[in-house]
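K.L.:
The following block contains the structure, expressed as C-alpha cells.
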Amino acid sequence: MEKIKVGIIGTGFIGPTHIEAIRRLGFVEVVALAETSQEQAETKAAELGIPLAYGDYRVMLKNDEIHVVHNCTPNHVHFAINKDIILAGKHVISEKPLAMNSEESAELLALAKTKDVVHGVNFNYRQHASVQNLRAMISNGDLGKVNLVHGSYLQDWLLYETDFNWRLAPEVGGESRAIADIGSHWCDTVQYVTGKKIVEVFADLATVIPVRKKATSGSNTFSTVNHEEQEYEDVAINTEDYASVLVRFEDGSRGVFTVSQVSAGRKNRLSFEIDGSKSSVFWNQEEPEKLWIGHRDKPNEILLADPSLFSAEAKSAIHHPGGHNEGWPDALKNMMLNFYTFIREENSLKTDKPNFATFQDGHLSMCITDAILESHQQQKWVKVKQEKEVYS
C-alpha cells in the first residue's frame, strides 16, 4: 500500500516530536517541511532527513503528493495557516491553541466541515494508555457517579526572571499563556476521561513575575543556556504565570484546577483526581504507568499499565507488556496512529466518530479559555459559549 505523505510546517520544539511519532507508524512518510526561510528549511530538512524543503509553506501546499499537513508553528499564525491548509484540500493536524480566539476557531471548524477534510488537534494526553483505560472504567461505572474532579498542571521552565520565550508575548502567544498552553490540556483530558463538558468557570489569574529579563540573543523553549553568559533587556509581562479555576460540568458536578509555569521541581506534571460515589482515582503524567485507585472499605490500589489488566476498550492504546513503561512520546504516537488509521480507512468526520481530538475539541478549548479570561476580568462565574456538538 502506498504510504500517506506528510508535510510539516514549523520545526521548533514540537515539530520534530511529530516527525518522530509519525515515523514509528510505518505506513506514513514525512516528505517535506516548511520554515520561515529557504535556508532554514534546508538546514532543518538535512538535520531531520526529509527530502523536500520549502521556505514558504504556501508553495508546499501546492504539492499534490502531500496528503496531510501538520501545523507546528507559534500560536499567532495557527489560524491563517490552518485555514490555508484546509483550503488546499489537505487533511490537517494542528498544535493547540487552534487559533487566537473562539471566533477564529469557529471559522476553522466550519470551514473544515465544509471541505470534509480530516482535522485533528494535538491533545495527546488523552492518548496515554492509562488515561484510555480510566475512561473505559468510568464509562463502565467502576467509580460510580463522578462527583468531583480536581488537579493541576505544574511546570517550572519559567521560574526565573531570566526565563523567556515567544509564548510570553501576547501578540505571538495570545492573551492567555498558562491557561491556553497547559490548562487547555488539563481541561481536554478530564473532559475526555469523564465524558462531561465544562460549562461554567470562575477564574483567578496572576502574573507572578511582572518583569522578565529577555536575552538579547534569544532563547528556545526549555532552553538550558548558561544565564551568566547572556545580556538582557527588561520586558513587562502581561500574561499569567499562574491560574486557579473553579469549574462546573454539564451534569452539575464540580471541579477545580491550578496551572503554573513557576513551580520549582515540577517539569511537566499534569495530574488529576476523580472522586466517584464508589471509588476515587488519581493519575500523574510524570508517572503515567501508575493509576491510584482509592477505596473506603478496602485497601487502596496501584494499577500499573499492563495490557493483561486493561479493559478491552483500552488494549489498543498500550503496545508493550506490563513493566515496559510507555510515556509522553508513546501518547503522541497513539495520537498519530489513530489519526492516520482514520485516514487510511477512508473514514469521514461527517459520518464516523474519531478516537482523537478534532477541531471541535480545539474550538471548545478556545471557548473555555475565553470564558476563563472573561471570568478573571469580571470576577464572576462565566458560562462557556460553545457551538452544538458535531460528533455525538
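Residue numbering restarts at 1 in every chain; chains get A, B, ... in the order shown in the C-alpha cells, and ligands count up from 1 in that same order.
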Would you return as a ChimeraX atom specification the members of stretch 55-204 of chain A that DSSP assigns to strand (DSSP E or B) on this structure's backbone?

P.N.:
/A:68-71,91-94,119-121,146-154,198-204

K.L.:
For stretch 316-328 of chain A, please output as a compact mmCIF listing (two decimals) with C-alpha atoms, in the first residue's frame all residues within 7 Å (counting only C-alpha atoms; exclusion window: fewer than 2 positions along the same chain).

P.N.:
# COMPACT_ATOMS: atom_id res chain seq x y z
CA ALA A 129 -2.73 4.12 27.82
CA GLN A 132 -7.68 5.42 27.91
CA PRO A 288 1.98 7.72 33.51
CA GLU A 289 2.14 3.97 34.11
CA ALA A 305 -0.17 -0.19 33.00
CA ASP A 306 -0.46 -3.74 31.71
CA PRO A 307 -2.48 -4.89 28.69
CA ALA A 314 -8.13 0.38 26.14
CA ASP A 330 4.04 6.97 23.12
CA ALA A 331 0.90 9.01 23.80
CA LEU A 332 1.86 11.25 20.88
CA ASN A 334 -1.09 6.95 19.69

K.L.:
By how many Å are atom CA of A:Lys62 and atom CA of A:Ile50 apart?

P.N.:
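Computing the Euclidean distance for atom CA of A:Lys62 and atom CA of A:Ile50 yields 17.6 Å.
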
K.L.:
What does the structure give for the distance between atom CA of A:Lys290 and atom CA of A:Leu304, in Å to one decimal?

P.N.:
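That distance, rounded to one decimal, is 4.8 Å.
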
K.L.:
What's the separation between atom CA of A:Arg177 and atom CA of A:Thr36, in Å to one decimal place?

P.N.:
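Taking atom CA of A:Arg177 and atom CA of A:Thr36, their separation equals 23.5 Å.
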
K.L.:
Using only C-alpha atoms, what table do you get, as CSV, when you list each residue of stretch 45-112 of chain A with an atom no more than 6 Å from stretch 117-122 of chain A, its nearest pair of atoms, and their distance in Å rounded to one decimal, rows by chain then rising number?

P.N.:
residue,atom,partner,partner_atom,distance
A:His91,CA,A:Val118,CA,4.9
A:Val92,CA,A:His119,CA,4.9
A:Ile93,CA,A:Gly120,CA,4.6
A:Ser94,CA,A:Val121,CA,4.9
A:Glu95,CA,A:Asn122,CA,5.3
A:Ala112,CA,A:Val117,CA,5.8

K.L.:
Can you list, as a ChimeraX atom specification, all residues belonging to stretch 192-347 of chain A that DSSP tags as helix (DSSP H, G or I)?

P.N.:
/A:192-194,227-229,312-317,328-344

K.L.:
Need to verify the contact set: A:Leu61, 10 Å, only C-alpha atoms, exclusion of same-chain residues closer than 5 positions in sequence. Can you return it as a PyMOL selection string?

P.N.:
chain A and resi 7+34+54+56+66-69+84-90

K.L.:
Using only C-alpha atoms, which residues sit within 9 Å of A:Asp204 once same-chain residues fewer than 5 positions away are excluded, as a list in words?

P.N.:
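The contact residues come out as Tyr242, Ala243, Ser244, Val245, Leu246, Ile372, Leu373, Ser375, His376, Gln377 and Gln379 of chain A.
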